[in-house]
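Here's my_file-v4.cif, which has mmCIF, N, CA and C atoms and all ligand atoms:
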data_input
#
loop_
_atom_site.label_atom_id
_atom_site.label_comp_id
_atom_site.auth_asym_id
_atom_site.auth_seq_id
_atom_site.Cartn_x
_atom_site.Cartn_y
_atom_site.Cartn_z
N MET I 11 98.06 88.52 84.26
CA MET I 11 97.97 89.58 85.27
C MET I 11 98.88 90.73 84.88
N LYS I 12 98.42 91.93 85.21
CA LYS I 12 99.23 93.10 84.91
C LYS I 12 99.41 93.93 86.18
N GLY I 13 100.41 94.79 86.11
CA GLY I 13 100.64 95.65 87.25
C GLY I 13 101.57 96.78 86.88
N GLY I 14 101.93 97.56 87.87
CA GLY I 14 102.81 98.69 87.60
C GLY I 14 103.07 99.49 88.85
N CYS I 15 103.89 100.52 88.67
CA CYS I 15 104.28 101.37 89.79
C CYS I 15 103.21 102.41 90.08
N PHE I 16 103.43 103.16 91.13
CA PHE I 16 102.46 104.17 91.55
C PHE I 16 102.23 105.23 90.47
N CYS I 17 103.31 105.73 89.86
CA CYS I 17 103.14 106.86 88.94
C CYS I 17 102.67 106.44 87.55
N GLY I 18 102.73 105.14 87.27
CA GLY I 18 102.23 104.65 85.99
C GLY I 18 103.26 104.57 84.89
N VAL I 19 104.48 105.02 85.15
CA VAL I 19 105.52 104.98 84.12
C VAL I 19 105.93 103.53 83.81
N VAL I 20 106.10 102.73 84.87
CA VAL I 20 106.50 101.34 84.68
C VAL I 20 105.26 100.46 84.71
N ARG I 21 105.09 99.68 83.64
CA ARG I 21 103.98 98.73 83.57
C ARG I 21 104.55 97.36 83.20
N TYR I 22 103.99 96.33 83.82
CA TYR I 22 104.46 94.98 83.54
C TYR I 22 103.29 94.02 83.35
N ALA I 23 103.61 92.89 82.74
CA ALA I 23 102.64 91.81 82.59
C ALA I 23 103.29 90.52 83.07
N LEU I 24 102.49 89.68 83.72
CA LEU I 24 102.94 88.33 84.08
C LEU I 24 102.31 87.37 83.08
N LEU I 25 103.15 86.58 82.43
CA LEU I 25 102.67 85.71 81.36
C LEU I 25 102.21 84.35 81.86
N SER I 26 102.44 84.08 83.14
CA SER I 26 101.94 82.83 83.72
C SER I 26 101.43 83.13 85.12
N THR I 27 100.73 82.18 85.68
CA THR I 27 100.13 82.36 87.00
C THR I 27 101.23 82.39 88.06
N PRO I 28 101.30 83.44 88.85
CA PRO I 28 102.34 83.50 89.87
C PRO I 28 102.11 82.49 91.00
N TYR I 29 103.17 82.15 91.70
CA TYR I 29 103.13 81.13 92.74
C TYR I 29 104.03 81.57 93.90
N ASP I 30 104.05 80.75 94.95
CA ASP I 30 104.93 81.03 96.10
C ASP I 30 104.73 82.43 96.66
N THR I 31 103.49 82.83 96.81
CA THR I 31 103.20 84.15 97.34
C THR I 31 103.34 84.13 98.86
N GLY I 32 104.06 85.10 99.39
CA GLY I 32 104.22 85.10 100.84
C GLY I 32 104.70 86.44 101.38
N TRP I 33 104.50 86.59 102.65
CA TRP I 33 104.95 87.78 103.37
C TRP I 33 106.42 87.68 103.70
N CYS I 34 107.17 88.78 103.51
CA CYS I 34 108.53 88.84 104.03
C CYS I 34 108.63 89.99 105.02
N HIS I 35 109.12 89.66 106.20
CA HIS I 35 109.22 90.64 107.28
C HIS I 35 110.66 91.10 107.50
N CYS I 36 111.57 90.82 106.55
CA CYS I 36 112.98 91.14 106.81
C CYS I 36 113.21 92.65 106.83
N ARG I 37 114.32 93.03 107.42
CA ARG I 37 114.62 94.46 107.55
C ARG I 37 114.84 95.13 106.19
N ILE I 38 115.36 94.37 105.22
CA ILE I 38 115.58 94.97 103.90
C ILE I 38 114.23 95.31 103.26
N CYS I 39 113.28 94.40 103.38
CA CYS I 39 111.94 94.71 102.87
C CYS I 39 111.35 95.91 103.60
N GLN I 40 111.54 95.95 104.89
CA GLN I 40 111.00 97.08 105.65
C GLN I 40 111.61 98.39 105.18
N ARG I 41 112.93 98.42 105.02
CA ARG I 41 113.61 99.66 104.66
C ARG I 41 113.32 100.09 103.21
N THR I 42 113.29 99.11 102.31
CA THR I 42 113.13 99.48 100.91
C THR I 42 111.68 99.81 100.55
N SER I 43 110.75 99.38 101.39
CA SER I 43 109.34 99.65 101.09
C SER I 43 108.75 100.71 102.01
N GLY I 44 109.34 100.86 103.19
CA GLY I 44 108.74 101.75 104.17
C GLY I 44 107.57 101.14 104.89
N ALA I 45 107.30 99.88 104.62
CA ALA I 45 106.19 99.17 105.26
C ALA I 45 106.76 98.08 106.18
N PRO I 46 105.96 97.61 107.14
CA PRO I 46 106.49 96.62 108.08
C PRO I 46 106.75 95.25 107.46
N ALA I 47 106.15 94.98 106.30
CA ALA I 47 106.38 93.71 105.61
C ALA I 47 105.93 93.86 104.17
N VAL I 48 106.41 93.00 103.31
CA VAL I 48 106.10 93.07 101.88
C VAL I 48 105.64 91.69 101.42
N VAL I 49 104.61 91.65 100.59
CA VAL I 49 104.17 90.39 99.99
C VAL I 49 104.76 90.28 98.59
N PHE I 50 105.47 89.18 98.37
CA PHE I 50 106.02 88.89 97.05
C PHE I 50 105.30 87.71 96.43
N THR I 51 105.25 87.70 95.11
CA THR I 51 104.80 86.54 94.37
C THR I 51 105.82 86.26 93.28
N THR I 52 105.82 85.06 92.75
CA THR I 52 106.94 84.61 91.91
C THR I 52 106.47 84.12 90.56
N VAL I 53 107.27 84.40 89.53
CA VAL I 53 107.07 83.79 88.20
C VAL I 53 108.43 83.39 87.65
N PRO I 54 108.46 82.47 86.67
CA PRO I 54 109.70 82.24 85.94
C PRO I 54 110.17 83.56 85.34
N LYS I 55 111.49 83.76 85.32
CA LYS I 55 112.00 85.09 84.99
C LYS I 55 111.46 85.62 83.66
N GLY I 56 111.39 84.76 82.66
CA GLY I 56 110.93 85.21 81.35
C GLY I 56 109.46 85.57 81.29
N ASP I 57 108.74 85.23 82.35
CA ASP I 57 107.30 85.50 82.36
C ASP I 57 106.95 86.84 82.99
N LEU I 58 107.97 87.58 83.39
CA LEU I 58 107.74 88.98 83.77
C LEU I 58 108.22 89.84 82.60
N VAL I 59 107.27 90.55 82.00
CA VAL I 59 107.61 91.38 80.84
C VAL I 59 107.26 92.83 81.17
N PHE I 60 108.26 93.70 81.05
CA PHE I 60 107.98 95.12 81.23
C PHE I 60 107.45 95.68 79.92
N GLU I 61 106.22 96.13 79.94
CA GLU I 61 105.56 96.60 78.72
C GLU I 61 105.80 98.08 78.50
N GLN I 62 106.22 98.75 79.54
CA GLN I 62 106.38 100.20 79.47
C GLN I 62 107.30 100.64 80.60
N GLY I 63 108.13 101.65 80.34
CA GLY I 63 108.92 102.28 81.40
C GLY I 63 110.21 101.57 81.74
N ARG I 64 110.64 100.64 80.88
CA ARG I 64 111.87 99.91 81.18
C ARG I 64 113.05 100.85 81.45
N ASP I 65 113.11 101.97 80.73
CA ASP I 65 114.21 102.92 80.90
C ASP I 65 114.17 103.61 82.27
N SER I 66 113.03 103.59 82.90
CA SER I 66 112.90 104.24 84.21
C SER I 66 113.17 103.28 85.36
N LEU I 67 113.38 102.00 85.05
CA LEU I 67 113.69 101.04 86.11
C LEU I 67 115.06 101.33 86.67
N ARG I 68 115.16 101.30 87.99
CA ARG I 68 116.45 101.39 88.66
C ARG I 68 116.63 100.11 89.46
N SER I 69 117.87 99.81 89.74
CA SER I 69 118.17 98.55 90.41
C SER I 69 119.21 98.80 91.48
N ILE I 70 119.06 98.12 92.59
CA ILE I 70 120.02 98.27 93.69
C ILE I 70 120.34 96.89 94.24
N ALA I 71 121.63 96.67 94.51
CA ALA I 71 122.03 95.44 95.17
C ALA I 71 121.73 95.61 96.65
N THR I 72 120.86 94.77 97.19
CA THR I 72 120.48 94.91 98.60
C THR I 72 121.16 93.86 99.47
N THR I 73 121.72 92.84 98.83
CA THR I 73 122.55 91.86 99.53
C THR I 73 123.65 91.47 98.56
N SER I 74 124.55 90.60 99.02
CA SER I 74 125.62 90.12 98.14
C SER I 74 125.06 89.19 97.07
N PHE I 75 123.82 88.73 97.25
CA PHE I 75 123.25 87.75 96.32
C PHE I 75 121.93 88.20 95.71
N GLY I 76 121.53 89.44 95.94
CA GLY I 76 120.22 89.85 95.44
C GLY I 76 120.13 91.31 95.04
N ARG I 77 119.23 91.58 94.10
CA ARG I 77 119.00 92.93 93.63
C ARG I 77 117.50 93.21 93.65
N ARG I 78 117.17 94.47 93.82
CA ARG I 78 115.78 94.90 93.74
C ARG I 78 115.65 95.96 92.67
N GLN I 79 114.51 95.96 92.01
CA GLN I 79 114.22 96.98 91.00
C GLN I 79 113.09 97.85 91.51
N PHE I 80 113.19 99.12 91.18
CA PHE I 80 112.14 100.04 91.57
C PHE I 80 111.98 101.08 90.47
N CYS I 81 110.86 101.79 90.50
CA CYS I 81 110.63 102.84 89.52
C CYS I 81 111.48 104.05 89.90
N GLY I 82 112.31 104.52 88.96
CA GLY I 82 113.17 105.66 89.22
C GLY I 82 112.41 106.97 89.31
N GLU I 83 111.16 106.97 88.89
CA GLU I 83 110.35 108.19 88.94
C GLU I 83 109.61 108.31 90.27
N CYS I 84 109.02 107.23 90.72
CA CYS I 84 108.17 107.33 91.93
C CYS I 84 108.68 106.46 93.08
N GLY I 85 109.68 105.61 92.83
CA GLY I 85 110.27 104.86 93.92
C GLY I 85 109.59 103.55 94.28
N THR I 86 108.51 103.21 93.59
CA THR I 86 107.81 101.96 93.93
C THR I 86 108.72 100.75 93.78
N LEU I 87 108.79 99.95 94.84
CA LEU I 87 109.55 98.70 94.80
C LEU I 87 108.79 97.68 93.96
N LEU I 88 109.45 97.12 92.96
CA LEU I 88 108.75 96.25 92.01
C LEU I 88 109.21 94.80 92.04
N THR I 89 110.51 94.56 92.08
CA THR I 89 110.97 93.18 91.99
C THR I 89 112.15 92.92 92.93
N ILE I 90 112.36 91.64 93.19
CA ILE I 90 113.59 91.19 93.82
C ILE I 90 114.04 89.94 93.10
N GLN I 91 115.34 89.87 92.89
CA GLN I 91 115.90 88.68 92.26
C GLN I 91 117.13 88.25 93.02
N VAL I 92 117.22 86.95 93.28
CA VAL I 92 118.38 86.42 93.98
C VAL I 92 119.17 85.50 93.05
N ASP I 93 120.50 85.57 93.19
CA ASP I 93 121.39 84.81 92.31
C ASP I 93 121.14 83.30 92.39
N PHE I 94 120.73 82.83 93.57
CA PHE I 94 120.60 81.38 93.73
C PHE I 94 119.29 80.84 93.16
N GLN I 95 118.43 81.75 92.66
CA GLN I 95 117.24 81.31 91.92
C GLN I 95 117.13 82.19 90.68
N ALA I 96 118.17 82.12 89.84
CA ALA I 96 118.30 83.05 88.71
C ALA I 96 117.22 82.86 87.66
N ASP I 97 116.52 81.73 87.71
CA ASP I 97 115.49 81.46 86.71
C ASP I 97 114.11 81.96 87.13
N GLU I 98 114.04 82.60 88.31
CA GLU I 98 112.76 83.11 88.79
C GLU I 98 112.92 84.56 89.22
N ILE I 99 111.80 85.25 89.30
CA ILE I 99 111.83 86.62 89.82
C ILE I 99 110.60 86.84 90.69
N ASP I 100 110.79 87.61 91.75
CA ASP I 100 109.69 87.91 92.67
C ASP I 100 109.17 89.31 92.37
N ILE I 101 107.88 89.45 92.44
CA ILE I 101 107.22 90.74 92.16
C ILE I 101 106.48 91.16 93.42
N THR I 102 106.49 92.43 93.73
CA THR I 102 105.73 92.91 94.88
C THR I 102 104.24 92.81 94.54
N ALA I 103 103.54 91.97 95.30
CA ALA I 103 102.17 91.61 94.95
C ALA I 103 101.22 92.81 94.96
N ALA I 104 101.50 93.79 95.80
CA ALA I 104 100.59 94.92 95.90
C ALA I 104 100.70 95.84 94.69
N THR I 105 101.70 95.64 93.82
CA THR I 105 101.77 96.45 92.59
C THR I 105 100.95 95.83 91.47
N LEU I 106 100.37 94.66 91.69
CA LEU I 106 99.44 94.11 90.70
C LEU I 106 98.21 95.01 90.61
N ASP I 107 97.63 95.08 89.43
CA ASP I 107 96.40 95.86 89.28
C ASP I 107 95.28 95.25 90.13
N ALA I 108 95.32 93.94 90.29
CA ALA I 108 94.32 93.24 91.11
C ALA I 108 95.05 92.37 92.13
N PRO I 109 95.58 93.00 93.18
CA PRO I 109 96.40 92.25 94.14
C PRO I 109 95.65 91.11 94.82
N SER I 110 94.35 91.19 94.89
CA SER I 110 93.58 90.11 95.52
C SER I 110 93.61 88.83 94.70
N GLY I 111 94.14 88.91 93.50
CA GLY I 111 94.26 87.73 92.65
C GLY I 111 95.31 86.74 93.12
N VAL I 112 96.15 87.16 94.05
CA VAL I 112 97.10 86.22 94.66
C VAL I 112 96.85 86.25 96.17
N ALA I 113 97.28 85.21 96.85
CA ALA I 113 97.07 85.16 98.30
C ALA I 113 98.32 84.61 98.97
N PRO I 114 98.80 85.28 99.99
CA PRO I 114 100.00 84.78 100.69
C PRO I 114 99.75 83.43 101.34
N GLY I 115 100.82 82.63 101.36
CA GLY I 115 100.71 81.31 101.97
C GLY I 115 101.65 81.09 103.14
N PHE I 116 102.47 82.09 103.46
CA PHE I 116 103.45 81.90 104.54
C PHE I 116 104.03 83.26 104.93
N HIS I 117 104.75 83.24 106.04
CA HIS I 117 105.53 84.41 106.49
C HIS I 117 106.98 83.98 106.59
N ILE I 118 107.89 84.77 106.01
CA ILE I 118 109.32 84.49 106.21
C ILE I 118 109.99 85.66 106.92
N PHE I 119 111.15 85.39 107.47
CA PHE I 119 111.90 86.35 108.29
C PHE I 119 111.01 86.93 109.39
N PHE I 120 110.22 86.03 109.95
CA PHE I 120 109.29 86.45 111.00
C PHE I 120 110.02 86.94 112.24
N ALA I 121 111.27 86.51 112.39
CA ALA I 121 112.07 86.97 113.54
C ALA I 121 112.32 88.48 113.48
N ASP I 122 112.26 89.05 112.27
CA ASP I 122 112.48 90.49 112.11
C ASP I 122 111.17 91.29 112.18
N ARG I 123 110.09 90.60 112.46
CA ARG I 123 108.78 91.23 112.47
C ARG I 123 108.75 92.44 113.41
N VAL I 124 108.07 93.49 112.96
CA VAL I 124 107.84 94.63 113.83
C VAL I 124 106.78 94.22 114.85
N SER I 125 107.03 94.53 116.11
CA SER I 125 106.20 93.96 117.18
C SER I 125 104.72 94.31 117.05
N TRP I 126 104.43 95.47 116.48
CA TRP I 126 103.02 95.85 116.37
C TRP I 126 102.37 95.36 115.08
N ASN I 127 103.11 94.58 114.33
CA ASN I 127 102.55 93.99 113.10
C ASN I 127 102.25 92.53 113.34
N GLU I 128 101.16 92.27 114.04
CA GLU I 128 100.78 90.90 114.39
C GLU I 128 99.80 90.39 113.34
N PRO I 129 100.22 89.41 112.51
CA PRO I 129 99.32 88.91 111.47
C PRO I 129 98.07 88.27 112.05
N GLY I 130 96.95 88.51 111.43
CA GLY I 130 95.71 87.91 111.88
C GLY I 130 95.38 86.66 111.10
N ASP I 131 96.40 85.90 110.73
CA ASP I 131 96.17 84.68 109.96
C ASP I 131 96.86 83.50 110.66
N ALA I 132 96.61 82.34 110.12
CA ALA I 132 97.19 81.12 110.70
C ALA I 132 98.24 80.53 109.76
N LEU I 133 98.82 81.36 108.90
CA LEU I 133 99.80 80.87 107.93
C LEU I 133 101.08 80.46 108.65
N PRO I 134 101.83 79.51 108.06
CA PRO I 134 103.10 79.12 108.67
C PRO I 134 104.06 80.30 108.78
N ARG I 135 104.80 80.33 109.86
CA ARG I 135 105.72 81.43 110.14
C ARG I 135 107.13 80.86 110.29
N PHE I 136 108.06 81.44 109.56
CA PHE I 136 109.44 80.98 109.61
C PHE I 136 110.34 82.13 110.05
N ASP I 137 111.27 81.85 110.93
CA ASP I 137 112.13 82.91 111.45
C ASP I 137 113.02 83.51 110.37
N SER I 138 113.45 82.70 109.40
CA SER I 138 114.21 83.25 108.28
C SER I 138 113.63 82.66 106.99
N TRP I 139 114.45 82.06 106.15
CA TRP I 139 113.95 81.47 104.91
C TRP I 139 113.07 80.27 105.23
N ARG I 140 112.22 79.90 104.28
CA ARG I 140 111.55 78.62 104.40
C ARG I 140 112.61 77.52 104.32
N PRO I 141 112.47 76.47 105.10
CA PRO I 141 113.51 75.44 105.13
C PRO I 141 113.73 74.76 103.76
N ASP I 142 112.71 74.76 102.92
CA ASP I 142 112.83 74.08 101.62
C ASP I 142 113.25 75.03 100.50
N THR I 143 113.73 76.22 100.86
CA THR I 143 114.09 77.20 99.84
C THR I 143 115.20 76.64 98.94
N ARG I 144 114.94 76.71 97.65
CA ARG I 144 115.86 76.11 96.67
C ARG I 144 117.13 76.94 96.53
N GLY I 145 118.28 76.27 96.60
CA GLY I 145 119.54 76.92 96.28
C GLY I 145 120.04 77.93 97.29
N LEU I 146 119.53 77.84 98.48
CA LEU I 146 119.84 78.84 99.51
C LEU I 146 121.35 79.01 99.72
N PRO I 147 121.83 80.26 99.76
CA PRO I 147 123.25 80.47 100.01
C PRO I 147 123.62 80.06 101.43
N VAL I 148 124.78 79.51 101.59
CA VAL I 148 125.26 79.15 102.93
C VAL I 148 125.79 80.42 103.58
N SER I 149 125.30 80.73 104.75
CA SER I 149 125.78 81.96 105.39
C SER I 149 126.22 81.68 106.81
ZN ZN E 1 106.65 105.05 88.94
ZN ZN E 2 112.39 90.59 102.86
#

I'd like the structure from this file rewritten - as C-alpha cells, please.
Amino acid sequence: MKGGCFCGVVRYALLSTPYDTGWCHCRICQRTSGAPAVVFTTVPKGDLVFEQGRDSLRSIATTSFGRRQFCGECGTLLTIQVDFQADEIDITAATLDAPSGVAPGFHIFFADRVSWNEPGDALPRFDSWRPDTRGLPVS
C-alpha cells in the first residue's frame, strides 16, 4: 500500500499489511487534524518507508511519550509514534492512496468524542485506550 500527504511532497509505502485500524477521538487528534476523529492503522516501524519528501517531514511531541509527523509543506498529519510501542508506527489511514483498503475495528478515547460526531457503526467503543494496549504508560 502507498500513500502520501495532500501536496504530494511526502510519499510513503507500507511494506506489510497494516493492522489494528481504529478511530481515535482524543483531543490531540482533533487539534492536530482539525477533524473530530482520526483513523490510524499500524505497521511494524521498519515497514513504513518514506519514498519521497523525507526532508519535508516535521515532527512534534504531542505528549510526553509520543510524537507525530506531518508534511512541513502542506501540514498533513501522517504518523504517530509512542515510546511504549517503539517497534510499531501508526499511519493516518486517510492518507493512503486507497483508504478503503483498511477498515476500522474500534473507537478509542470515545469519552472525548465531539457530541455531534455519532458513529453509525457497532464497533467497540472505549473511553480511553483499549484495555489490552501493549506497554501502556501508567498515568
Ligand atoms: Zn505535503
Ligand atoms: Zn487520538

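Of the listed residues (I:Gly115, I:Pro46, I:Gly14, I:Pro129), I:Gly14 comes nearest to Leu88 of chain I; the distances count all atoms listed in the file.
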
Separation of atom CA of Trp139 of chain I from atom CA of Phe16 of chain I in Å: 28.7 Å

Contacts of ligand ZN 2 (chain E), 5 Å or closer, only N, CA and C atoms and all ligand atoms, given as a list of chain:residue names: I:Cys34, I:His35, I:Cys36, I:Cys39

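Proximity to Gly82 of chain I was assessed for I:Val48, I:Val20, I:Ala121, I:Phe60 counting only N, CA and C atoms; the smallest distance is recorded for I:Val20.
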
Those of segment 35-118 of chain I in DSSP strand (DSSP E or B), formatted as a PyMOL selection string: chain I and resi 48-54+58-62+67-73+76-81+87-92+98-102+106+117-118

Å distance separating atom C of Thr52 of chain I from atom C of Asp30 of chain I, one decimal place: 6.6 Å

Expected selection as a list in words for ligand ZN 1 (chain E) within 6 Å, all atoms listed in the file: Cys15, Phe16, Cys17, Gly18, Val19, Val20, Cys81, Gly82, Glu83, Cys84, Gly85 and Thr86 of chain I

Local residues around (103.6, 94.0, 85.7), at most 8 Å away, using only N, CA and C atoms, as a PyMOL selection string: chain I and resi 11-15+20-24+58-61+105-107

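Between Ile38 of chain I and the candidates I:Val112, I:Val53, I:Thr72, I:Ser26, the tightest atom-to-atom separation, counting all atoms listed in the file, involves I:Thr72.
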